[in-house]
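Novice: Quick one: this structure, given as structure tokens, is what I'll be asking you about.
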Amino acid sequence: MLDATGADAGDAGGCGSGSKTCGGACVRSDDPAFGCSAASCTACAGDANGTYACIAGACQLKGCSPGHKLCGGVCVLADATHGCGATGCGACSTTNGTPACSSGGDCTLTCDPGYKLCGGACVAISDPTYGCTATSCSSSACPAPGTGTVVCSGSSCVLGACVAGTKACSGVCVPTDKSHGCGEVARCSACVAGDTCAGGPPTTCQCVPDAMTTTCAGKCGTVKNNCGQDVACGGSCTLPQTCGGGGMPNVCGCTSTTSPCDGVSCGSLLDACNRTVSCGCTGFQTCGGGGAAGKCGCVPSNPCTGGACGSLPNGCGGHVACGCTPPQVCTGGASAGVCGSCTPLTKTSACQDAAMICGTLPDGCGGTFSCGSCASGKKCCAGGCILSTATCSLGP
């Protein structure tokens with residue numbers, strides 16, 4: 001019996017098990033080129049770009065010819081419309097570009113003008129997320145804007161807008177606090193010490209004065225507050241104190257220019273500032289020692305007692321010349337002697353020691369004695385005898 005192709009499709013006849021006769025030749029019963037049933041020799045058909053296999057005696061599409069792939073049970077071209085060589089069948093992206101297939105079967109894009117290829121997608125060159133140049137794709141190509149936004153100006157990253165409470169400083173949004181000059185748009189430097197953000201909007205660096213009780217604590221007169229402003233602290237000092245009188249400006253005080261210790265007064269006295277001063281005495285003086293209370297003084301003593309003689313201290317820094325009652329004389333030294341009996345000089349030794357042969361000499365005990373007299377016609381001159389007619393220039 002002939003099949004639709006005119007080939008003889010009979011039983012195996014002389015062909016072995018699993019084979020059949022087609023066109024006078026034995027072929028395998030599961031060869032898709034001759035159909036998959038024992039009664040047919042017609043090749044499996046239905047998809048010109050497909051390859052078939054015999055499964056359970058029936059033709060089934062197994063694969064696709066080169067340049068094609070199986071999509072939805074049909075072999076289609078492995079082109080950009082079907083995802084090139086990818087296992088999926090979705091079309092390559094056409095967003096902002098023209099798709100194509102690479103030699104390796106991957107989807108590629110040729111980006112439209114104003115776009116660039118980043119991570120397989122065409123993105124706007126003006127998108128700061130990928131930098132602002134035609135070749136940059138880095139998310140860090142533009143600096144972090146803080147709390148603001150970044151936009152592209154040509155090929156440069158520039159700060160766009162800052163959220164409320166921030167402002168632009170050196171290409172970054174920073175808080176409008178005193179570390180950045182408050183809300184002053186043209187200022188990014190910190191406020192000076194003591195200033196804070198006040199006023200506005202926008203706020204500016206301002207000095208907030210301390211409370212008057214703080215500024216004037218322990219002060220008098222007009223002082224500068226923490227903002228350099230004059231503040232009248234008022235009030236008055238209790239006399240004898242005056243404002244600044246103690247040498248410290250704007251502080252009540254008193255400076256005494258005189259001392260109650262005038263060299264005579266002594267004891268606990270008040271100076272011109274009502275401060276207690278302890279006044280002492282100098283030398284031999286004591287407080288009240290002269291008999292007047294509160295006055296420095298000294299009552300001299302009499303050292304000329306008990307036969308003492310010579311120059312003796314009176315207990316008040318002076319000396320008293322103490323003598324003896326004749327014929328007693330002061331013995332034992334001129335400064336601390338004792339009155340005692342006097343032994344007269346002998347006439348012979350005294351006159352010899354004085355080399356005198358005439359005239360008188362003291363005997364050392366209040367009396368005198370004569371050393372001799374001159375012969376007639378002569379007179380005594382300086383312990384020697386000369387002619388009566390001669391002139392004695394040294395005395396009679």
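Each chain of the structure tokens is named A, B, ... in the order shown, its residues numbered from 1; ligands are numbered from 1 in display order.
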Just asking: which residues within region 81-308 of chain A are strand (DSSP E) according to DSSP, as a count of residues only?
Specialist: 65
Novice: Pro362 (chain A): which residues within 10 Å, counting only C-alpha atoms, same-chain residues fewer than 2 positions away excluded, as a short mmCIF file (atom, residue, chain, number, x, y, z; two decimals) with N, CA and C atoms, in the first residue's frame?
Specialist:
data_model
loop_
_atom_site.label_atom_id
_atom_site.label_comp_id
_atom_site.auth_asym_id
_atom_site.auth_seq_id
_atom_site.Cartn_x
_atom_site.Cartn_y
_atom_site.Cartn_z
N PRO A 344 94.92 109.76 147.06
CA PRO A 344 95.63 110.89 146.40
C PRO A 344 96.96 110.44 145.82
N LEU A 345 97.39 111.17 144.80
CA LEU A 345 98.71 110.94 144.21
C LEU A 345 99.78 111.42 145.18
N LYS A 347 103.15 113.35 146.07
CA LYS A 347 103.76 114.56 145.52
C LYS A 347 104.98 114.24 144.71
N ALA A 350 104.07 112.35 141.37
CA ALA A 350 103.28 113.18 140.45
C ALA A 350 104.13 114.25 139.84
N THR A 360 101.61 123.92 141.00
CA THR A 360 100.74 123.00 141.69
C THR A 360 100.14 121.97 140.73
N GLY A 364 94.23 114.24 142.46
CA GLY A 364 93.36 113.17 141.96
C GLY A 364 92.18 112.91 142.85
N CYS A 365 92.09 113.57 144.00
CA CYS A 365 90.95 113.35 144.88
C CYS A 365 90.30 114.67 145.23
N GLY A 366 90.46 115.64 144.40
CA GLY A 366 89.82 116.95 144.61
C GLY A 366 90.74 117.98 145.23
N GLY A 367 91.92 117.58 145.64
CA GLY A 367 92.85 118.55 146.24
C GLY A 367 94.03 118.82 145.34
N THR A 368 94.99 119.66 145.81
CA THR A 368 96.20 119.99 145.05
C THR A 368 97.39 119.90 146.00
N PHE A 369 98.56 119.87 145.39
CA PHE A 369 99.80 119.96 146.17
C PHE A 369 100.82 120.71 145.33
N SER A 370 101.87 121.30 146.01
CA SER A 370 102.90 122.13 145.35
C SER A 370 104.13 121.27 145.07
#
Novice: At a cut-off of 12 Å, using only C-alpha atoms, what residues contact region 203-214 of chain A? Leave out same-chain residues fewer than 4 positions from it and give the result as a ChimeraX atom specification.
Specialist: /A:165-166,175-199,218-220,222-234
Novice: Write out as number ranges by chain each polymer residue whose atoms come within 10 Å of Thr276 (chain A), counting only C-alpha atoms; drop sequence neighbours fewer than 6 positions from it.
Specialist: A: 260, 267-270
Novice: Would you mind reading off the distance between CA of Gly23 (chain A) and CA of Cys36 (chain A), one decimal, in Å?
Specialist: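 A separation of 15.5 Å between them.
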Novice: List the neighbours of Cys111 (chain A) out to 12 Å using only C-alpha atoms; skip same-chain residues closer than 4 positions along the sequence, and give me the result as a PDB file with N, CA and C atoms, in the first residue's frame.
Specialist:
ATOM      1  N   SER A  93      14.960  45.935  25.371  1.00  0.00           N
ATOM      2  CA  SER A  93      14.447  47.267  25.708  1.00  0.00           C
ATOM      3  C   SER A  93      14.674  48.232  24.550  1.00  0.00           C
ATOM      4  N   THR A  94      13.675  49.043  24.317  1.00  0.00           N
ATOM      5  CA  THR A  94      13.787  50.089  23.297  1.00  0.00           C
ATOM      6  C   THR A  94      13.722  51.477  23.932  1.00  0.00           C
ATOM      7  N   THR A  95      13.770  51.525  25.290  1.00  0.00           N
ATOM      8  CA  THR A  95      13.633  52.815  25.990  1.00  0.00           C
ATOM      9  C   THR A  95      14.830  53.709  25.701  1.00  0.00           C
ATOM     10  N   ASN A  96      14.587  54.826  25.119  1.00  0.00           N
ATOM     11  CA  ASN A  96      15.585  55.865  24.836  1.00  0.00           C
ATOM     12  C   ASN A  96      16.705  55.389  23.921  1.00  0.00           C
ATOM     13  N   GLY A  97      16.477  54.304  23.133  1.00  0.00           N
ATOM     14  CA  GLY A  97      17.517  53.838  22.238  1.00  0.00           C
ATOM     15  C   GLY A  97      16.995  52.818  21.242  1.00  0.00           C
ATOM     16  N   THR A  98      17.902  52.356  20.372  1.00  0.00           N
ATOM     17  CA  THR A  98      17.574  51.364  19.349  1.00  0.00           C
ATOM     18  C   THR A  98      18.237  50.057  19.720  1.00  0.00           C
ATOM     19  N   PRO A  99      17.453  48.933  19.844  1.00  0.00           N
ATOM     20  CA  PRO A  99      18.045  47.669  20.274  1.00  0.00           C
ATOM     21  C   PRO A  99      18.701  46.914  19.114  1.00  0.00           C
ATOM     22  N   ALA A 100      19.612  46.022  19.459  1.00  0.00           N
ATOM     23  CA  ALA A 100      20.274  45.135  18.497  1.00  0.00           C
ATOM     24  C   ALA A 100      20.819  43.965  19.277  1.00  0.00           C
ATOM     25  N   TYR A 115      21.242  60.814  25.584  1.00  0.00           N
ATOM     26  CA  TYR A 115      21.238  59.681  26.499  1.00  0.00           C
ATOM     27  C   TYR A 115      22.578  58.951  26.431  1.00  0.00           C
ATOM     28  N   LYS A 116      22.866  58.156  27.457  1.00  0.00           N
ATOM     29  CA  LYS A 116      24.097  57.369  27.499  1.00  0.00           C
ATOM     30  C   LYS A 116      23.772  56.005  28.078  1.00  0.00           C
ATOM     31  N   LEU A 117      24.608  55.040  27.739  1.00  0.00           N
ATOM     32  CA  LEU A 117      24.376  53.660  28.172  1.00  0.00           C
ATOM     33  C   LEU A 117      25.009  53.435  29.543  1.00  0.00           C
ATOM     34  N   CYS A 118      24.207  53.104  30.544  1.00  0.00           N
ATOM     35  CA  CYS A 118      24.684  52.829  31.896  1.00  0.00           C
ATOM     36  C   CYS A 118      23.973  51.580  32.408  1.00  0.00           C
ATOM     37  N   GLY A 120      23.387  48.783  30.897  1.00  0.00           N
ATOM     38  CA  GLY A 120      22.512  48.176  29.905  1.00  0.00           C
ATOM     39  C   GLY A 120      21.272  48.988  29.607  1.00  0.00           C
ATOM     40  N   ALA A 121      21.130  50.162  30.203  1.00  0.00           N
ATOM     41  CA  ALA A 121      19.970  51.006  29.945  1.00  0.00           C
ATOM     42  C   ALA A 121      20.428  52.382  29.509  1.00  0.00           C
ATOM     43  N   CYS A 122      19.606  53.035  28.676  1.00  0.00           N
ATOM     44  CA  CYS A 122      19.918  54.385  28.231  1.00  0.00           C
ATOM     45  C   CYS A 122      19.318  55.372  29.232  1.00  0.00           C
ATOM     46  N   VAL A 123      20.181  56.157  29.860  1.00  0.00           N
ATOM     47  CA  VAL A 123      19.741  57.145  30.848  1.00  0.00           C
ATOM     48  C   VAL A 123      20.122  58.528  30.344  1.00  0.00           C
ATOM     49  N   ALA A 124      19.405  59.519  30.819  1.00  0.00           N
ATOM     50  CA  ALA A 124      19.657  60.891  30.379  1.00  0.00           C
ATOM     51  C   ALA A 124      21.032  61.353  30.855  1.00  0.00           C
ATOM     52  N   ILE A 125      21.761  61.987  29.941  1.00  0.00           N
ATOM     53  CA  ILE A 125      23.075  62.534  30.306  1.00  0.00           C
ATOM     54  C   ILE A 125      22.914  63.586  31.399  1.00  0.00           C
ATOM     55  N   ALA A 134      28.935  62.723  29.491  1.00  0.00           N
ATOM     56  CA  ALA A 134      28.421  61.723  28.553  1.00  0.00           C
ATOM     57  C   ALA A 134      29.027  60.347  28.787  1.00  0.00           C
TER      58      ALA A 134
END
Novice: List the spatial neighbours of Ser102 (chain A) as number ranges by chain - criterion: any atom at most 9 Å away, only C-alpha atoms, same-chain residues fewer than 5 positions off excluded.
Specialist: A: 84, 107-108
Novice: So that I have them on file, write out the residues from the current selection with N, CA and C atoms, as a short mmCIF file (atom, residue, chain, number, x, y, z; two decimals), in the first residue's frame.
Specialist:
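So the final result, stored in again_11.cif, reads:
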data_model
loop_
_atom_site.label_atom_id
_atom_site.label_comp_id
_atom_site.auth_asym_id
_atom_site.auth_seq_id
_atom_site.Cartn_x
_atom_site.Cartn_y
_atom_site.Cartn_z
N CYS A 84 16.92 38.41 21.57
CA CYS A 84 18.21 37.89 21.06
C CYS A 84 18.43 36.48 21.58
N CYS A 107 21.37 41.42 24.21
CA CYS A 107 20.70 42.64 23.76
C CYS A 107 21.64 43.82 23.94
N THR A 108 21.73 44.65 22.94
CA THR A 108 22.50 45.89 23.05
C THR A 108 21.60 47.04 22.64
#
Novice: Write out as a PyMOL selection string each polymer residue whose atoms come within 9 Å of region 302-314 of chain A, counting only C-alpha atoms; drop sequence neighbours fewer than 2 positions from it.
Specialist: chain A and resi 299-300+316-324+329-331+333-340
Novice: What residues in region 209-300 of chain A get the DSSP label alpha helix (DSSP H)? Please answer as a list in words.
Specialist: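 Reading the DSSP output for region 209-300 of chain A, alpha helix (DSSP H) covers Met212, Thr213, Thr214 and Thr215 of chain A.
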